[in-house]
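Take a look at the structure below.
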Amino acid sequence: MALTRPQKEERVALLTEKLKKALSVAVVRVGGHTVKDVSEFRRKLRERGAEKVVAKKTLLRIAAKQAGLGEFPEKGFEGSLAVVLSYEDPVSGPKAVRDFQRKKGGSEFVGGYIASAIASSERITELASMLGKTECYTKLASMFRSPLVSFASACRGPLSGFARGLKEIARSKK
């Protein structure tokens, strides 16, 4: 059933708000997946602070223009497309898509937006291979911890040797 004009305007307004809030937007060519696979994919996206939206390309173009993102290029935006919006971490959505591609296949990046700038499929693929916010925090914490652990080990070595020496001296005097 075709959408009425007020329904289309409502969807464009909702999509515009979502595009404004998103830190990154990945447009993905989809198809050939089971309902179970798509449901699992949507759940993984929600866990990572991202969302998958399916919209008509014309409505998506209007919403992107209204959100101040510019227009989607005509080339490459054919077929069934889905939009993956990342709200908490710009890397989370594209990374989830990449993981889904590796596991189930059949999806490919078409393009998108990073920091309100149009990005090619290659740029979105690069974004998917970057470390996420949580991974960066983990790596930073381990970098801070490493010298402290090394210092503690270095301090412990001479002290434990000194303690063993004192124990042997005490044992020999008995």
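Ordered as shown in the structure tokens, chains take letters A, B, and onward, while each chain numbers its residues from 1 and ligands are numbered from 1 in the order shown.
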- Which polymer residues have any atom within 12 Å of an atom of Ala22 of chain A, counting only C-alpha atoms, with same-chain residues fewer than 2 positions away left out, as a PyMOL selection string? chain A and resi 15-20+24-26+49-52+64+67+69+83-93+112-116
- Message: Excluding Ser80 of chain A and its own-chain neighbours fewer than 3 positions away, which residues fall within 8 Å of it when counting only C-alpha atoms? Please give them as a PyMOL selection string.
- Response: chain A and resi 29-31
Residues as selected, C-alpha atoms, written as an mmCIF file, in the first residue's frame, can you do that?
```
data_model
loop_
_atom_site.group_PDB
_atom_site.id
_atom_site.type_symbol
_atom_site.label_atom_id
_atom_site.label_comp_id
_atom_site.auth_asym_id
_atom_site.auth_seq_id
_atom_site.Cartn_x
_atom_site.Cartn_y
_atom_site.Cartn_z
ATOM 1 C CA ARG A 29 23.352 -2.808 0.218
ATOM 2 C CA VAL A 30 21.404 -5.711 1.718
ATOM 3 C CA GLY A 31 19.516 -8.718 0.543
#
```
- Note on the structure: For Glu71 of chain A, the closest of A:Arg98, A:Lys104, A:Lys57, A:Arg43 counting only C-alpha atoms is A:Lys57
- Message: as a count of residues only, please: the residues near Glu78 of chain A (cut-off 12 Å, only C-alpha atoms, same-chain neighbours under 5 positions excluded).
- Response: 11
- Task: Select, from A:Lys173, A:Gly70, A:Leu60, A:Leu45, the residue with the minimum atom-to-atom distance to Ala119 of chain A, counting only C-alpha atoms.
- Result: A:Gly70
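Between atom CA of Asp37 of chain A and atom CA of Gly132 of chain A there is a distance of 23.5 Å.
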- Query: Per DSSP on the backbone, what are the strand (DSSP E or B) residues of segment 1-87 of chain A, as a PyMOL selection string?
  - Reply: chain A and resi 24-29+50-53+81-86
Using the selection just defined, write its residues with all heavy atoms as a compact mmCIF listing (two decimals), in the first residue's frame.
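Output contents, as saved in out04.txt:
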```txt
# COMPACT_ATOMS: atom_id res chain seq x y z
N SER A 24 27.82 8.68 12.92
CA SER A 24 28.19 8.19 11.59
C SER A 24 26.99 7.48 10.99
O SER A 24 26.14 6.96 11.70
CB SER A 24 29.40 7.25 11.65
OG SER A 24 29.05 6.01 12.22
N VAL A 25 26.95 7.49 9.67
CA VAL A 25 25.86 6.86 8.92
C VAL A 25 26.50 5.99 7.85
O VAL A 25 27.32 6.48 7.07
CB VAL A 25 24.95 7.91 8.25
CG1 VAL A 25 23.85 7.25 7.45
CG2 VAL A 25 24.35 8.86 9.29
N ALA A 26 26.14 4.72 7.84
CA ALA A 26 26.65 3.80 6.82
C ALA A 26 25.47 3.31 6.00
O ALA A 26 24.50 2.79 6.54
CB ALA A 26 27.37 2.62 7.46
N VAL A 27 25.55 3.50 4.69
CA VAL A 27 24.53 2.98 3.79
C VAL A 27 25.04 1.64 3.27
O VAL A 27 26.15 1.55 2.77
CB VAL A 27 24.25 3.96 2.64
CG1 VAL A 27 23.17 3.41 1.72
CG2 VAL A 27 23.86 5.33 3.18
N VAL A 28 24.18 0.62 3.43
CA VAL A 28 24.59 -0.75 3.15
C VAL A 28 23.63 -1.36 2.15
O VAL A 28 22.41 -1.24 2.29
CB VAL A 28 24.59 -1.58 4.45
CG1 VAL A 28 25.06 -2.99 4.19
CG2 VAL A 28 25.42 -0.92 5.52
N ARG A 29 24.18 -2.04 1.15
CA ARG A 29 23.35 -2.81 0.22
C ARG A 29 23.07 -4.14 0.88
O ARG A 29 23.99 -4.83 1.32
CB ARG A 29 24.05 -3.00 -1.12
CG ARG A 29 23.19 -3.71 -2.14
CD ARG A 29 23.76 -3.66 -3.54
NE ARG A 29 23.72 -2.29 -4.06
CZ ARG A 29 24.80 -1.59 -4.40
NH1 ARG A 29 25.99 -2.11 -4.29
NH2 ARG A 29 24.68 -0.37 -4.86
N ALA A 50 23.76 1.44 18.11
CA ALA A 50 23.49 1.77 16.71
C ALA A 50 22.11 1.25 16.33
O ALA A 50 21.47 0.55 17.11
CB ALA A 50 24.57 1.17 15.81
N GLU A 51 21.68 1.60 15.14
CA GLU A 51 20.35 1.22 14.69
C GLU A 51 20.34 1.06 13.18
O GLU A 51 21.03 1.77 12.46
CB GLU A 51 19.37 2.33 15.11
CG GLU A 51 17.99 2.20 14.60
CD GLU A 51 17.11 3.39 14.94
OE1 GLU A 51 17.64 4.51 15.16
OE2 GLU A 51 15.90 3.21 14.98
N LYS A 52 19.53 0.12 12.71
CA LYS A 52 19.35 -0.09 11.27
C LYS A 52 17.98 0.46 10.89
O LYS A 52 16.98 0.16 11.52
CB LYS A 52 19.43 -1.57 10.93
CG LYS A 52 19.15 -1.87 9.48
CD LYS A 52 19.10 -3.37 9.24
CE LYS A 52 18.60 -3.63 7.83
NZ LYS A 52 18.15 -4.99 7.65
N VAL A 53 17.97 1.28 9.85
CA VAL A 53 16.72 1.87 9.37
C VAL A 53 16.58 1.55 7.89
O VAL A 53 17.54 1.67 7.13
CB VAL A 53 16.73 3.40 9.56
CG1 VAL A 53 15.49 4.03 9.00
CG2 VAL A 53 16.90 3.76 11.02
N LEU A 81 18.61 -0.93 -0.04
CA LEU A 81 19.59 -0.30 0.84
C LEU A 81 19.04 -0.18 2.26
O LEU A 81 17.84 -0.03 2.46
CB LEU A 81 19.95 1.10 0.34
CG LEU A 81 20.56 1.20 -1.05
CD1 LEU A 81 20.81 2.66 -1.40
CD2 LEU A 81 21.86 0.43 -1.13
N ALA A 82 19.92 -0.27 3.21
CA ALA A 82 19.59 -0.02 4.62
C ALA A 82 20.57 1.03 5.13
O ALA A 82 21.68 1.15 4.64
CB ALA A 82 19.71 -1.30 5.43
N VAL A 83 20.13 1.76 6.14
CA VAL A 83 20.97 2.80 6.73
C VAL A 83 21.28 2.37 8.16
O VAL A 83 20.38 2.06 8.93
CB VAL A 83 20.23 4.15 6.73
CG1 VAL A 83 21.09 5.22 7.35
CG2 VAL A 83 19.83 4.53 5.32
N VAL A 84 22.57 2.35 8.50
CA VAL A 84 23.00 2.01 9.85
C VAL A 84 23.49 3.29 10.51
O VAL A 84 24.45 3.90 10.05
CB VAL A 84 24.11 0.93 9.83
CG1 VAL A 84 24.61 0.65 11.23
CG2 VAL A 84 23.60 -0.34 9.18
N LEU A 85 22.81 3.68 11.58
CA LEU A 85 23.10 4.91 12.30
C LEU A 85 23.82 4.59 13.60
O LEU A 85 23.33 3.77 14.39
CB LEU A 85 21.80 5.67 12.60
CG LEU A 85 20.92 5.95 11.39
CD1 LEU A 85 19.50 6.24 11.83
CD2 LEU A 85 21.47 7.11 10.61
N SER A 86 24.96 5.21 13.83
CA SER A 86 25.74 4.99 15.07
C SER A 86 25.56 6.21 15.96
O SER A 86 25.91 7.32 15.56
CB SER A 86 27.21 4.80 14.74
OG SER A 86 27.39 3.74 13.85
```
Which residues in segment 32-79 of chain A does DSSP call alpha helix (DSSP H)? List them as a PDB file with N, CA, C and O atoms, in the first residue's frame.
```
ATOM      1  N   VAL A  35      14.995 -13.756   8.123  1.00  0.00           N
ATOM      2  CA  VAL A  35      14.454 -12.885   9.159  1.00  0.00           C
ATOM      3  C   VAL A  35      15.237 -13.069  10.460  1.00  0.00           C
ATOM      4  O   VAL A  35      15.522 -12.104  11.173  1.00  0.00           O
ATOM      5  N   LYS A  36      15.626 -14.296  10.744  1.00  0.00           N
ATOM      6  CA  LYS A  36      16.401 -14.593  11.948  1.00  0.00           C
ATOM      7  C   LYS A  36      17.748 -13.859  11.919  1.00  0.00           C
ATOM      8  O   LYS A  36      18.162 -13.273  12.926  1.00  0.00           O
ATOM      9  N   ASP A  37      18.415 -13.891  10.760  1.00  0.00           N
ATOM     10  CA  ASP A  37      19.706 -13.208  10.628  1.00  0.00           C
ATOM     11  C   ASP A  37      19.555 -11.697  10.815  1.00  0.00           C
ATOM     12  O   ASP A  37      20.356 -11.066  11.501  1.00  0.00           O
ATOM     13  N   VAL A  38      18.530 -11.125  10.207  1.00  0.00           N
ATOM     14  CA  VAL A  38      18.311  -9.680  10.301  1.00  0.00           C
ATOM     15  C   VAL A  38      17.956  -9.297  11.735  1.00  0.00           C
ATOM     16  O   VAL A  38      18.430  -8.273  12.245  1.00  0.00           O
ATOM     17  N   SER A  39      17.158 -10.108  12.416  1.00  0.00           N
ATOM     18  CA  SER A  39      16.797  -9.830  13.812  1.00  0.00           C
ATOM     19  C   SER A  39      18.030  -9.873  14.705  1.00  0.00           C
ATOM     20  O   SER A  39      18.215  -9.027  15.586  1.00  0.00           O
ATOM     21  N   GLU A  40      18.887 -10.858  14.475  1.00  0.00           N
ATOM     22  CA  GLU A  40      20.131 -10.967  15.236  1.00  0.00           C
ATOM     23  C   GLU A  40      21.029  -9.757  14.973  1.00  0.00           C
ATOM     24  O   GLU A  40      21.632  -9.196  15.894  1.00  0.00           O
ATOM     25  N   PHE A  41      21.100  -9.327  13.714  1.00  0.00           N
ATOM     26  CA  PHE A  41      21.901  -8.169  13.337  1.00  0.00           C
ATOM     27  C   PHE A  41      21.382  -6.907  14.035  1.00  0.00           C
ATOM     28  O   PHE A  41      22.162  -6.127  14.584  1.00  0.00           O
ATOM     29  N   ARG A  42      20.080  -6.707  14.037  1.00  0.00           N
ATOM     30  CA  ARG A  42      19.495  -5.534  14.701  1.00  0.00           C
ATOM     31  C   ARG A  42      19.787  -5.558  16.205  1.00  0.00           C
ATOM     32  O   ARG A  42      20.072  -4.520  16.807  1.00  0.00           O
ATOM     33  N   ARG A  43      19.739  -6.736  16.818  1.00  0.00           N
ATOM     34  CA  ARG A  43      20.029  -6.861  18.249  1.00  0.00           C
ATOM     35  C   ARG A  43      21.484  -6.472  18.529  1.00  0.00           C
ATOM     36  O   ARG A  43      21.778  -5.736  19.467  1.00  0.00           O
ATOM     37  N   LYS A  44      22.402  -6.942  17.682  1.00  0.00           N
ATOM     38  CA  LYS A  44      23.826  -6.610  17.852  1.00  0.00           C
ATOM     39  C   LYS A  44      24.044  -5.093  17.709  1.00  0.00           C
ATOM     40  O   LYS A  44      24.847  -4.510  18.425  1.00  0.00           O
ATOM     41  N   LEU A  45      23.321  -4.497  16.768  1.00  0.00           N
ATOM     42  CA  LEU A  45      23.436  -3.049  16.593  1.00  0.00           C
ATOM     43  C   LEU A  45      22.957  -2.315  17.845  1.00  0.00           C
ATOM     44  O   LEU A  45      23.609  -1.366  18.301  1.00  0.00           O
ATOM     45  N   ARG A  46      21.819  -2.724  18.392  1.00  0.00           N
ATOM     46  CA  ARG A  46      21.295  -2.077  19.607  1.00  0.00           C
ATOM     47  C   ARG A  46      22.287  -2.195  20.756  1.00  0.00           C
ATOM     48  O   ARG A  46      22.469  -1.246  21.523  1.00  0.00           O
ATOM     49  N   GLU A  47      22.935  -3.355  20.889  1.00  0.00           N
ATOM     50  CA  GLU A  47      23.932  -3.556  21.941  1.00  0.00           C
ATOM     51  C   GLU A  47      25.095  -2.584  21.793  1.00  0.00           C
ATOM     52  O   GLU A  47      25.705  -2.184  22.786  1.00  0.00           O
ATOM     53  N   LYS A  57      14.595   5.419  -0.815  1.00  0.00           N
ATOM     54  CA  LYS A  57      15.748   6.250  -1.155  1.00  0.00           C
ATOM     55  C   LYS A  57      15.373   7.718  -1.342  1.00  0.00           C
ATOM     56  O   LYS A  57      16.124   8.602  -0.939  1.00  0.00           O
ATOM     57  N   THR A  58      14.209   7.973  -1.912  1.00  0.00           N
ATOM     58  CA  THR A  58      13.797   9.365  -2.096  1.00  0.00           C
ATOM     59  C   THR A  58      13.568  10.037  -0.743  1.00  0.00           C
ATOM     60  O   THR A  58      13.977  11.182  -0.538  1.00  0.00           O
ATOM     61  N   LEU A  59      12.948   9.331   0.192  1.00  0.00           N
ATOM     62  CA  LEU A  59      12.726   9.894   1.522  1.00  0.00           C
ATOM     63  C   LEU A  59      14.059  10.081   2.245  1.00  0.00           C
ATOM     64  O   LEU A  59      14.258  11.073   2.954  1.00  0.00           O
ATOM     65  N   LEU A  60      14.978   9.155   2.049  1.00  0.00           N
ATOM     66  CA  LEU A  60      16.302   9.253   2.648  1.00  0.00           C
ATOM     67  C   LEU A  60      17.058  10.463   2.093  1.00  0.00           C
ATOM     68  O   LEU A  60      17.704  11.197   2.845  1.00  0.00           O
ATOM     69  N   ARG A  61      16.956  10.683   0.814  1.00  0.00           N
ATOM     70  CA  ARG A  61      17.626  11.844   0.197  1.00  0.00           C
ATOM     71  C   ARG A  61      17.074  13.157   0.755  1.00  0.00           C
ATOM     72  O   ARG A  61      17.829  14.078   1.065  1.00  0.00           O
ATOM     73  N   ILE A  62      15.750  13.223   0.890  1.00  0.00           N
ATOM     74  CA  ILE A  62      15.125  14.434   1.421  1.00  0.00           C
ATOM     75  C   ILE A  62      15.553  14.644   2.870  1.00  0.00           C
ATOM     76  O   ILE A  62      15.904  15.752   3.274  1.00  0.00           O
ATOM     77  N   ALA A  63      15.533  13.567   3.667  1.00  0.00           N
ATOM     78  CA  ALA A  63      15.912  13.670   5.081  1.00  0.00           C
ATOM     79  C   ALA A  63      17.377  14.078   5.229  1.00  0.00           C
ATOM     80  O   ALA A  63      17.714  14.894   6.091  1.00  0.00           O
ATOM     81  N   ALA A  64      18.260  13.529   4.411  1.00  0.00           N
ATOM     82  CA  ALA A  64      19.684  13.879   4.478  1.00  0.00           C
ATOM     83  C   ALA A  64      19.885  15.354   4.144  1.00  0.00           C
ATOM     84  O   ALA A  64      20.680  16.043   4.796  1.00  0.00           O
ATOM     85  N   LYS A  65      19.155  15.830   3.175  1.00  0.00           N
ATOM     86  CA  LYS A  65      19.258  17.239   2.796  1.00  0.00           C
ATOM     87  C   LYS A  65      18.755  18.129   3.937  1.00  0.00           C
ATOM     88  O   LYS A  65      19.374  19.138   4.268  1.00  0.00           O
ATOM     89  N   GLN A  66      17.625  17.739   4.549  1.00  0.00           N
ATOM     90  CA  GLN A  66      17.066  18.524   5.652  1.00  0.00           C
ATOM     91  C   GLN A  66      17.954  18.473   6.891  1.00  0.00           C
ATOM     92  O   GLN A  66      17.978  19.412   7.677  1.00  0.00           O
TER      93      GLN A  66
END
```
